[in-house]
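So this one's input-v8.tsv, TSV, C-alpha atoms:
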chain	number	residue	atom	x	y	z
A	435	MET	CA	20.09	39.55	-111.83
A	436	GLY	CA	17.16	39.24	-109.48
A	437	TRP	CA	15.98	37.55	-106.33
A	438	LEU	CA	13.58	34.83	-105.44
A	439	ALA	CA	11.83	35.52	-102.17
A	440	ARG	CA	10.05	32.74	-100.32
A	441	VAL	CA	7.58	34.06	-97.78
A	442	TYR	CA	5.99	31.89	-95.09
A	443	VAL	CA	2.90	33.25	-93.32
A	444	THR	CA	1.72	31.26	-90.32
A	445	PRO	CA	-1.00	31.67	-87.70
A	446	LYS	CA	0.36	33.21	-84.51
A	447	THR	CA	0.82	30.97	-81.51
A	448	GLY	CA	-2.42	30.97	-79.60
A	449	VAL	CA	-4.58	31.89	-82.57
A	450	LEU	CA	-7.16	29.22	-83.28
A	451	ASP	CA	-6.33	27.23	-86.44
A	452	PRO	CA	-9.43	25.14	-87.18
A	453	GLN	CA	-7.99	23.97	-90.51
A	454	GLY	CA	-4.92	22.61	-88.75
A	455	LYS	CA	-7.15	20.86	-86.20
A	456	ALA	CA	-9.21	19.23	-88.96
A	457	VAL	CA	-6.08	17.99	-90.75
A	458	GLN	CA	-4.70	16.66	-87.46
A	459	HIS	CA	-7.91	14.68	-86.87
A	460	SER	CA	-7.80	13.36	-90.41
A	461	LEU	CA	-4.19	12.23	-90.02
A	462	HIS	CA	-5.09	10.48	-86.77
A	463	ALA	CA	-7.94	8.71	-88.56
A	464	LEU	CA	-5.49	7.60	-91.29
A	465	GLY	CA	-3.31	5.91	-88.67
A	466	TYR	CA	-0.74	8.56	-87.78
A	467	PRO	CA	-1.27	8.96	-84.04
A	468	GLU	CA	2.18	10.53	-83.67
A	469	VAL	CA	0.91	13.77	-85.22
A	470	GLY	CA	0.63	16.51	-82.63
A	471	ASP	CA	-0.29	20.09	-83.41
A	472	VAL	CA	-0.84	20.95	-87.10
A	473	ARG	CA	-0.71	24.58	-88.14
A	474	ILE	CA	-1.62	25.66	-91.67
A	475	GLY	CA	-0.19	28.80	-93.19
A	476	LYS	CA	0.59	30.23	-96.61
A	477	TYR	CA	3.64	30.03	-98.82
A	478	LEU	CA	4.32	32.77	-101.36
A	479	GLU	CA	7.06	33.08	-103.98
A	480	LEU	CA	7.94	36.56	-105.20
A	481	ARG	CA	10.42	37.38	-107.93
A	482	LEU	CA	12.17	40.70	-107.33
A	483	VAL	CA	14.16	42.53	-109.97
A	484	ASP	CA	16.25	45.69	-110.20
A	485	VAL	CA	16.77	45.93	-106.48
A	486	SER	CA	19.75	45.39	-104.20
A	487	ARG	CA	19.68	42.60	-101.65
A	488	GLU	CA	19.47	45.06	-98.74
A	489	SER	CA	16.67	46.99	-100.37
A	490	ALA	CA	14.87	43.76	-101.33
A	491	GLU	CA	14.90	42.68	-97.70
A	492	ALA	CA	13.64	45.98	-96.36
A	493	ARG	CA	10.94	46.26	-98.97
A	494	LEU	CA	9.85	42.66	-98.53
A	495	ARG	CA	9.48	43.22	-94.80
A	496	GLU	CA	7.31	46.23	-95.60
A	497	MET	CA	5.20	44.14	-98.00
A	498	CYS	CA	4.69	41.54	-95.29
A	499	GLU	CA	3.71	44.12	-92.70
A	500	ARG	CA	1.35	45.99	-95.00
A	501	LEU	CA	-0.32	43.25	-97.03
A	502	LEU	CA	1.06	39.72	-97.08
A	503	ALA	CA	0.50	39.03	-93.37
A	504	ASN	CA	-2.07	40.34	-90.93
A	505	ARG	CA	0.01	40.90	-87.81
A	506	VAL	CA	-3.06	40.64	-85.57
A	507	ILE	CA	-3.28	36.91	-86.33
A	508	GLU	CA	-0.21	35.94	-88.36
A	509	ASP	CA	3.59	35.76	-88.18
A	510	TYR	CA	5.84	35.72	-91.20
A	511	ARG	CA	9.39	34.91	-92.20
A	512	PHE	CA	11.16	34.92	-95.53
A	513	GLU	CA	14.26	33.81	-97.39
A	514	ILE	CA	15.84	35.63	-100.31
A	515	ASP	CA	18.04	33.86	-102.85
A	516	ALA	CA	19.71	35.00	-106.04
A	517	ALA	CA	17.70	34.00	-109.11
A	518	ASP	CA	17.40	34.71	-112.81
A	519	ALA	CA	15.60	37.92	-113.48
A	520	SER	CA	13.21	36.21	-115.91
B	467	MET	CA	-29.32	61.29	-94.84
B	468	ARG	CA	-27.05	60.74	-97.79
B	469	TRP	CA	-25.62	57.24	-97.73
B	470	GLY	CA	-22.75	55.92	-99.80
B	471	VAL	CA	-22.80	52.19	-100.55
B	472	ILE	CA	-19.53	50.86	-101.91
B	473	THR	CA	-19.28	48.14	-104.52
B	474	PHE	CA	-15.99	46.27	-104.57
B	475	PRO	CA	-15.42	43.58	-107.21
B	476	GLY	CA	-17.11	40.63	-105.52
B	477	SER	CA	-19.46	42.59	-103.27
B	478	ASN	CA	-22.90	41.00	-103.35
B	479	ASP	CA	-24.99	42.74	-100.71
B	480	ASP	CA	-24.54	46.22	-102.13
B	481	ALA	CA	-27.80	46.19	-104.09
B	482	GLN	CA	-29.77	44.80	-101.14
B	483	THR	CA	-28.34	47.48	-98.84
B	484	ALA	CA	-29.22	50.22	-101.32
B	485	TYR	CA	-32.72	48.72	-101.73
B	486	VAL	CA	-33.36	48.77	-97.99
B	487	LEU	CA	-32.13	52.33	-97.59
B	488	GLU	CA	-33.88	53.78	-100.64
B	489	ARG	CA	-37.05	51.79	-101.06
B	490	LEU	CA	-37.87	50.77	-97.50
B	491	LEU	CA	-36.47	53.69	-95.51
B	492	GLY	CA	-36.71	56.51	-98.04
B	493	GLU	CA	-33.07	57.52	-97.75
B	494	THR	CA	-30.79	58.94	-100.44
B	495	VAL	CA	-28.16	56.50	-101.67
B	496	VAL	CA	-25.10	57.15	-103.78
B	497	ARG	CA	-23.57	54.00	-105.21
B	498	LEU	CA	-19.77	54.12	-105.02
B	499	TRP	CA	-17.29	52.05	-107.04
B	500	HIS	CA	-14.07	50.78	-105.50
B	501	LYS	CA	-12.08	53.03	-107.85
B	502	ASP	CA	-13.87	56.19	-106.79
B	503	ALA	CA	-11.64	58.55	-104.84
B	504	SER	CA	-14.17	60.69	-103.02
B	505	VAL	CA	-16.97	60.29	-100.50
B	506	ASP	CA	-17.62	64.02	-100.28
B	507	GLY	CA	-21.12	65.12	-99.34
B	508	LEU	CA	-22.10	61.82	-97.75
B	509	ASP	CA	-23.22	61.24	-94.16
B	510	CYS	CA	-22.67	57.51	-93.81
B	511	ILE	CA	-20.62	55.01	-95.79
B	512	VAL	CA	-21.59	51.33	-95.92
B	513	LEU	CA	-19.10	48.61	-96.79
B	514	PRO	CA	-21.39	45.76	-97.78
B	515	GLY	CA	-21.09	41.99	-97.59
B	516	GLY	CA	-19.70	39.75	-100.27
B	517	PHE	CA	-16.38	38.33	-101.32
B	518	SER	CA	-14.36	41.34	-102.38
B	519	TYR	CA	-11.49	40.36	-104.67
B	520	GLY	CA	-12.48	36.73	-104.27
B	521	ASP	CA	-11.33	36.78	-100.62
B	522	TYR	CA	-7.83	36.32	-102.06
B	523	LEU	CA	-4.97	36.30	-99.53
B	524	ARG	CA	-7.32	37.09	-96.61
B	525	CYS	CA	-10.90	38.36	-96.53
B	526	GLY	CA	-10.76	42.11	-97.04
B	527	ALA	CA	-6.97	42.26	-97.40
B	528	VAL	CA	-6.98	43.46	-101.00
B	529	ALA	CA	-10.12	45.63	-100.81
B	530	ARG	CA	-8.51	47.53	-97.96
B	531	PHE	CA	-6.13	49.12	-100.48
B	532	SER	CA	-8.79	50.14	-103.01
B	533	PRO	CA	-8.72	53.83	-103.96
B	534	ILE	CA	-12.10	54.37	-102.24
B	535	MET	CA	-10.65	53.14	-98.94
B	536	LEU	CA	-8.28	56.10	-98.74
B	537	ALA	CA	-11.34	58.34	-98.84
B	538	VAL	CA	-13.14	56.15	-96.30
B	539	GLU	CA	-10.18	56.30	-93.92
B	540	ARG	CA	-10.09	60.08	-94.16
B	541	PHE	CA	-13.88	60.23	-93.70
B	542	ALA	CA	-13.62	58.02	-90.59
B	543	ARG	CA	-10.77	60.10	-89.16
B	544	GLU	CA	-12.98	63.17	-89.48
B	545	GLY	CA	-15.74	61.43	-87.52
B	546	GLY	CA	-17.92	60.30	-90.43
B	547	ILE	CA	-20.16	57.30	-89.79
B	548	VAL	CA	-18.91	54.05	-91.33
B	549	LEU	CA	-20.82	50.76	-91.20
B	550	GLY	CA	-19.18	47.50	-92.27
B	551	ILE	CA	-21.36	44.43	-92.71
B	552	CYS	CA	-19.78	40.96	-92.95
B	553	ASN	CA	-17.10	41.37	-95.63
B	554	GLY	CA	-17.29	45.09	-94.87
B	555	PHE	CA	-16.44	44.27	-91.22
B	556	GLN	CA	-13.48	42.19	-92.43
B	557	ILE	CA	-12.28	45.07	-94.61
B	558	LEU	CA	-12.52	47.56	-91.71
B	559	CYS	CA	-10.44	45.23	-89.51
B	560	GLU	CA	-7.85	44.77	-92.26
B	561	ALA	CA	-7.71	48.54	-92.69
B	562	GLY	CA	-7.09	49.01	-88.97
B	563	LEU	CA	-10.25	51.09	-88.61
B	564	LEU	CA	-11.54	48.44	-86.20
B	565	PRO	CA	-9.49	46.30	-83.81
B	566	GLY	CA	-9.09	42.54	-84.14
B	567	ALA	CA	-9.49	40.19	-87.08
B	568	LEU	CA	-11.91	37.64	-88.48
B	569	ILE	CA	-10.71	34.11	-89.16
B	570	ARG	CA	-12.17	30.82	-90.36
B	571	ASN	CA	-15.25	29.63	-88.46
B	572	ARG	CA	-14.43	27.22	-85.64
B	573	GLU	CA	-16.23	24.33	-87.34
B	574	LEU	CA	-14.83	25.24	-90.79
B	575	ASP	CA	-18.35	25.36	-92.22
B	576	PHE	CA	-19.94	28.15	-94.19
B	577	LEU	CA	-22.77	29.36	-91.98
B	578	CYS	CA	-26.01	30.48	-93.57
B	579	ARG	CA	-28.75	30.79	-90.98
B	580	ARG	CA	-30.45	33.08	-88.50
B	581	VAL	CA	-28.76	33.88	-85.22
B	582	HIS	CA	-29.59	35.90	-82.13
B	583	VAL	CA	-27.43	38.80	-81.05
B	584	ARG	CA	-27.75	40.80	-77.86
B	585	VAL	CA	-27.35	44.57	-77.85
B	586	GLU	CA	-24.58	45.26	-75.33
B	587	ASP	CA	-24.74	49.02	-75.64
B	588	ALA	CA	-27.61	51.15	-76.91
B	589	ASP	CA	-25.70	54.42	-76.62
B	590	THR	CA	-24.13	54.13	-80.04
B	591	ALA	CA	-24.82	55.65	-83.44
B	592	PHE	CA	-25.75	52.17	-84.63
B	593	THR	CA	-27.97	50.84	-81.82
B	594	ASN	CA	-29.72	53.86	-80.29
B	595	ARG	CA	-33.09	52.56	-81.49
B	596	CYS	CA	-32.61	49.43	-79.39
B	597	ARG	CA	-32.45	48.97	-75.65
B	598	ARG	CA	-29.50	47.44	-73.88
B	599	GLY	CA	-30.15	43.71	-73.63
B	600	ASP	CA	-32.48	43.57	-76.64
B	601	VAL	CA	-32.07	40.36	-78.62
B	602	LEU	CA	-32.10	40.81	-82.39
B	603	ASP	CA	-32.88	38.05	-84.85
B	604	LEU	CA	-30.55	38.47	-87.84
B	605	PRO	CA	-29.12	36.19	-90.52
B	606	VAL	CA	-25.44	35.35	-90.93
B	607	LYS	CA	-23.75	33.97	-94.03
B	608	HIS	CA	-20.02	33.65	-93.75
B	609	GLY	CA	-17.07	31.28	-93.68
B	610	GLU	CA	-14.68	33.62	-91.86
B	611	GLY	CA	-16.62	35.18	-89.02
B	612	CYS	CA	-14.67	34.06	-85.99
B	613	TYR	CA	-13.64	37.28	-84.25
B	614	VAL	CA	-10.20	37.21	-82.61
B	615	ALA	CA	-8.08	39.79	-80.80
B	616	ASP	CA	-5.24	39.59	-78.32
B	617	GLU	CA	-5.92	39.83	-74.60
B	618	ALA	CA	-4.91	43.47	-74.28
B	619	THR	CA	-7.22	44.43	-77.15
B	620	LEU	CA	-10.09	42.44	-75.64
B	621	ARG	CA	-9.61	44.17	-72.29
B	622	SER	CA	-9.64	47.59	-73.91
B	623	LEU	CA	-12.74	46.68	-75.94
B	624	GLU	CA	-14.54	45.67	-72.74
B	625	ALA	CA	-13.35	48.71	-70.83
B	626	GLY	CA	-14.27	51.10	-73.64
B	627	ARG	CA	-17.72	49.51	-74.14
B	628	GLN	CA	-16.76	48.83	-77.74
B	629	ILE	CA	-18.43	45.43	-77.91
B	630	VAL	CA	-21.80	46.31	-79.36
B	631	LEU	CA	-23.31	42.90	-80.21
B	632	ARG	CA	-22.76	39.38	-78.86
B	633	TYR	CA	-24.15	36.08	-80.11
B	634	THR	CA	-26.67	34.66	-77.65
B	635	ASP	CA	-29.61	32.28	-77.57
B	636	ALA	CA	-33.14	33.58	-78.08
B	637	GLU	CA	-33.31	34.53	-74.39
B	638	GLY	CA	-30.15	36.60	-74.58
B	639	ARG	CA	-27.84	34.14	-72.83
B	640	VAL	CA	-24.26	33.75	-74.02
B	641	THR	CA	-23.69	29.99	-74.38
B	642	PRO	CA	-21.16	27.96	-76.36
B	643	GLU	CA	-23.99	26.56	-78.50
B	644	ALA	CA	-25.26	30.04	-79.36
B	645	ASN	CA	-21.83	31.14	-80.62
B	646	PRO	CA	-22.05	30.10	-84.28
B	647	ASN	CA	-18.43	30.59	-85.33
B	648	GLY	CA	-16.27	30.46	-82.20
B	649	SER	CA	-15.85	34.21	-81.87
B	650	LEU	CA	-13.85	35.40	-78.88
B	651	GLY	CA	-16.29	36.52	-76.18
B	652	ALA	CA	-19.13	35.68	-78.60
B	653	ILE	CA	-18.44	39.03	-80.25
B	654	ALA	CA	-20.68	39.70	-83.24
B	655	GLY	CA	-20.08	43.42	-83.65
B	656	VAL	CA	-17.59	46.03	-82.43
B	657	ARG	CA	-17.16	49.75	-82.75
B	658	ASN	CA	-14.02	51.87	-82.66
B	659	ALA	CA	-13.13	53.91	-79.59
B	660	ARG	CA	-14.51	57.11	-81.06
B	661	GLY	CA	-17.81	55.43	-81.85
B	662	ASN	CA	-18.18	56.38	-85.51
B	663	VAL	CA	-17.06	53.09	-87.08
B	664	PHE	CA	-18.99	49.85	-86.53
B	665	GLY	CA	-18.60	46.39	-87.99
B	666	LEU	CA	-20.80	43.33	-87.57
B	667	MET	CA	-20.96	39.87	-89.08
B	668	PRO	CA	-24.78	39.48	-89.16
B	669	HIS	CA	-26.70	41.07	-92.03
B	670	PRO	CA	-29.22	43.72	-90.96
B	671	GLU	CA	-29.98	44.47	-94.62
B	672	HIS	CA	-31.38	40.96	-95.03
B	673	ALA	CA	-33.76	41.39	-92.11
B	674	CYS	CA	-35.79	44.46	-92.97
B	675	GLU	CA	-39.04	42.93	-94.25
B	676	TRP	CA	-41.36	40.26	-92.90
B	677	LEU	CA	-41.29	38.80	-96.40
B	678	VAL	CA	-37.79	37.54	-95.59
B	679	GLY	CA	-38.55	36.61	-91.99
B	680	GLY	CA	-38.07	39.68	-89.86
B	681	GLU	CA	-37.46	43.38	-89.48
B	682	ASP	CA	-34.88	43.57	-86.69
B	683	GLY	CA	-32.25	44.77	-89.17
B	684	ARG	CA	-34.12	48.03	-89.61
B	685	LYS	CA	-33.11	49.02	-86.08
B	686	ILE	CA	-29.46	49.31	-87.11
B	687	PHE	CA	-30.18	51.58	-90.08
B	688	LEU	CA	-32.82	53.59	-88.19
B	689	SER	CA	-30.31	54.16	-85.40
B	690	VAL	CA	-27.84	55.66	-87.83
B	691	ILE	CA	-30.59	57.84	-89.27
B	692	ALA	CA	-31.64	58.92	-85.75
B	693	SER	CA	-28.05	59.79	-84.90
B	694	GLY	CA	-28.17	62.29	-87.72
B	695	SER	CA	-25.42	63.43	-89.94
B	696	GLY	CA	-23.35	65.10	-87.25
B	697	VAL	CA	-19.86	64.04	-86.38
B	698	VAL	CA	-19.93	61.14	-83.95
B	699	ASP	CA	-17.58	61.05	-81.01
B	700	VAL	CA	-18.77	59.02	-78.05
B	701	SER	CA	-15.35	59.12	-76.45
B	702	ALA	CA	-15.86	62.81	-75.73
B	703	ALA	CA	-19.33	62.42	-74.27
B	704	PRO	CA	-20.32	61.53	-70.71
B	705	THR	CA	-21.01	57.81	-70.66
B	706	SER	CA	-24.36	58.06	-68.90
B	707	SER	CA	-26.07	60.47	-71.23
B	708	LYS	CA	-27.61	59.92	-74.62
B	709	VAL	CA	-24.58	60.30	-76.78
B	710	LEU	CA	-25.92	61.44	-80.08
B	711	SER	CA	-28.30	64.12	-81.09
B	712	GLY	CA	-29.28	64.70	-84.65
B	713	PRO	CA	-31.04	67.46	-86.51
Show me the file's structure as structure tokens.
Amino acid sequence: MGWLARVYVTPKTGVLDPQGKAVQHSLHALGYPEVGDVRIGKYLELRLVDVSRESAEARLREMCERLLANRVIEDYRFEIDAADAS
Amino acid sequence: MRWGVITFPGSNDDAQTAYVLERLLGETVVRLWHKDASVDGLDCIVLPGGFSYGDYLRCGAVARFSPIMLAVERFAREGGIVLGICNGFQILCEAGLLPGALIRNRELDFLCRRVHVRVEDADTAFTNRCRRGDVLDLPVKHGEGCYVADEATLRSLEAGRQIVLRYTDAEGRVTPEANPNGSLGAIAGVRNARGNVFGLMPHPEHACEWLVGGEDGRKIFLSVIASGSGVVDVSAAPTSSKVLSGP
């Protein structure tokens, strides 16, 4: 038994996201004027084994704080679901 | 002085930095590998430019946990002089040795050209061979050089005179056009509060010979040499006096 963690890392509100801006302009050029702000982040999938759900959550938060996100410029959130340990 | 120049997997300005220090300035250089665990006996550590670990995740995010970085953090805590250039600057920010972060350039382009930077403070271990207001002509080559920090951090940087270099035009004026990457406050280089750790996006090591267009980069290295090998702590010194004295 293991867990599948889905981690979403996004630029903090107020932090310039030039990639998002470029994609927004491109979508406007393609005929989607309804598109407002576009923010581009990262999506990570981590498989966790041999760990309880509580411990997985605590350790994942630690991983986000230490490495997966830079808290100066990024926010993060994650979901943890039961998954095959494979 | 005895300099340590670190090579991370993906560093590419390590050899140039060692060349400048050894061949042009006659300094002693020890080449360090990212897996080394000690920086003992060295006076200044340089984290060079490049693309450490392929810039995976974020620039500098993986390098920051290299074995050598534990030694660098200890060295910095003890007041040792640490200089981070480009990717080295990114690594120092990721490691929390310098405030703020570096994100994608405002125009999304990879910049490879000469810029002008103004010396905001000449009372540092890294700029004491310049005068305040001097404009240096240095090259940049980066995709993620846009310096950002929150408002509180920016205020404390200003108050603590930690902003060492700003992008300007050739006359030393801060203008939107002269800011190549959108950096907050046109910041090109910052130091820590103590004054012993400095990071900058421009490449002084690529501006040390007229053969490559200029020698302004020498001033950064010569400043470190002039500051000597003593422990640097500008926070403890009166702000009006010359901060550093070397043997």
Could you list, as number ranges by chain, every residue within 12 Å of Glu479 in chain A, counting all atoms listed in the file and ignoring same-chain residues fewer than 6 positions away?
A: 437-443, 494, 502, 512-515, 517
With all atoms listed in the file as the counted atoms, please give the residues lying no more than 8 Å from range 535-551 of chain B, apart from itself and same-chain residues fewer than 4 positions off, as a PyMOL selection string.
chain B and resi 500+503-505+509-515+529-531+555-558+563+660+662-669+696-699
Give one line per residue of chain B that approaches chain A to at most 7 Å, naming the two atoms of the closest pair and their distance in Å to one decimal, counting all atoms listed in the file; sort by chain then ascending residue number and deliver it as a Markdown table.
| residue | atom | partner | partner_atom | distance |
| --- | --- | --- | --- | --- |
| B:Ala527 | CA | A:Leu501 | CA | 6.7 |
| B:Gly566 | CA | A:Val506 | CA | 6.5 |
| B:Ala567 | CA | A:Val506 | CA | 6.6 |
| B:Arg572 | CA | A:Pro452 | CA | 5.6 |
| B:Glu573 | CA | A:Pro452 | CA | 6.8 |
| B:Leu574 | CA | A:Pro452 | CA | 6.5 |
| B:Ala615 | CA | A:Val506 | CA | 7.0 |
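Here CA of Arg481 in chain A is placed at a distance of 22.3 Å from CA of Glu508 in chain A.
When only C-alpha atoms are used to measure the gap to His608 in chain B, the shortest distance among B:Leu523, B:Leu577, B:Val630, B:Val486 belongs to B:Leu577.
Note that CA of Arg473 in chain A and CA of Asn571 in chain B are 15.4 Å apart.
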Thr447 in chain A proximity check over A:Glu496, A:Ile474, A:Leu464, A:Val483, using only C-alpha atoms: winner is A:Ile474
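Nearest residue to Pro445 in chain A among A:Glu499, A:Ser486, A:Asp509, A:Gly470 is A:Asp509, counting only C-alpha atoms.
Coordinates place CA of Phe592 in chain B at a distance of 8.1 Å from CA of Lys685 in chain B.
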From the list B:Arg584, B:Arg639, B:Arg595, B:Arg621, which residue is nearest Gly655 in chain B when using all atoms listed in the file?
B:Arg584
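Proximity of B:Thr483, B:Asn658, B:Ser477, B:Ser532 to Cys674 in chain B, computed with all atoms listed in the file, is greatest for B:Thr483.
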Test item: residues at most 6 Å from Gln628 in chain B, all atoms listed in the file, excluding those fewer than 2 positions along its chain, as a list in words:
Leu623, Gly626, Val630, Val656 and Arg657 of chain B
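Of the residues listed (A:Val485, A:Tyr466, A:Cys498, A:Asp471), A:Cys498 shows the shortest atom-to-atom separation from Arg511 in chain A; distances use all atoms listed in the file.
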Leu602 in chain B environment, 8 Å, all atoms listed in the file, sequence neighbours closer than 6 positions dropped, as JSON, numbers by chain
{"B": [582, 583, 584, 585, 682, 683]}
